[in-house]
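Trainee: Okay, here's the structure, questions in a sec.
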Amino acid sequence: MKTKIKELRKEQKITQEELAEMVEVTRQTINSLEQGRYNPSLELAYKITKALKKDKIEDVFIIED
Amino acid sequence: MTSKKVVTKKGMIYRIAFIAILMVVGITLNLYNIGSNEFFGQSTVGNYLIYIGFVMILVTSINYFKKREKIIDERMEMLRYKAATITFMAFIFVSFAIIIIDGISPITIRYSLFISYLVCTILVIYIIAYKVLERKY
């Protein structure tokens, strides 16, 4: 799964550590998500979307065919 | 699914009680000279229980005074689960290998030593599996 977390995070000048704190996960998890190594649960995807001030999960996460 | 793990006072009391029991059992065994038959080569069962007690005191104190919240998130839960599965599979293979080896040439080491090697092997496999998975995911 591809994500736009890194771009959105940089746009809003948030560090990985800050985003991790906002969604209550570890910084390593945010890093894994940015690298596309880990697919989040729906709950985490929703939390990240809200933390990055987006309306839809699709604005942050892109499912590859 | 995130949980925060903190060492609470109640948790500390339980740990201290467990450490005290370990040390009292260790001292009692030493006093009555039970299990002093060169356990693990040179020491006694009682001495090992006392050592474990001291190590636990050290670890518990460090954790308590750090007072840092330890976050356990869904990725870590997934890693734990996968590492446990790998460890279980490895345990089955190791057990099978031991059965074969014992059939060819009987294993003559002491039971306590054998089990301790087995437990250490399982722990090492779990840690390695977790670390490898951590890099992958």
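Each chain in the structure tokens gets a letter, A, B and so on, in the order shown; residues start at 1 in every chain, and ligands are counted from 1 in the order they appear.
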Using only C-alpha atoms and a distance of at most 12 Å, pull out the residues of chain B that contact chain A, as JSON, numbers by chain.

Mentor: {"B": [1, 2, 3, 4, 69, 70, 71, 72, 73, 74, 75, 76, 77, 78, 79, 133, 134, 135, 136, 137]}

Trainee: From a DSSP pass on the backbone, collect the residues of chain A flagged as alpha helix (DSSP H) and hand them back as a ChimeraX atom specification.

Mentor: /A:5-11,16-23,27-35,42-51

Trainee: Could you pull the residues within 12 Å of Leu52 in chain A, counting only C-alpha atoms, minus those fewer than 2 positions along the same chain, as a VMD selection string?

Mentor: chain A and resid 4 to 16 18 to 20 22 to 23 45 to 50 54 to 57 59 to 61

Trainee: Which one is closest to Gly11 in chain B: B:Ser61, B:Ser112, B:Thr87, B:Ser95? Count only C-alpha atoms.

Mentor: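 That would be B:Ser61, the residue with the smallest distance to Gly11 in chain B.
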
Trainee: Hey, can you check how far CA of Val124 in chain B sits from CA of Ala97 in chain B?

Mentor: 17.4 Å

Trainee: Show which residues sit within 10 Å of Ile125 in chain B, as a count of residues only. Count only C-alpha atoms, and ignore same-chain residues fewer than 5 positions away.

Mentor: 11
